[in-house]
Amino acid sequence: MESLERAGQSGNLNEKDQEARKIRRLQIMMGMVMSVISQDPSLTVEEASELAAGDKPRLQRLMNERFRLQ
């Protein structure tokens, strides 16, 4: 019984670790996109819009995973 509890706790920690990694990757990516949008003088408004739109599906996917949405 104890080994089952430990296995369950280990799996739960693994899920939390994976979630934390995904969130961290998203934070890094968002920081890079924000940096490009704010600092690249040659960036057009269309290109900036594409960068922002590209992040929207990633944010939605993370929310779906995090909150187990359909």
# chains A, B, ... in the order shown; residues from 1 in each chain; ligands from 1
>>> residues_around(residues="stretch 25-37 of chain A", least_positions_apart="5", cutoff="12 Å", atoms="only C-alpha atoms", output="ChimeraX atom specification")
/A:18-20,42-63
>>> atom_distance(atom1="atom CA of A:Phe67", atom2="atom CA of A:Lys22")
13.6 Å
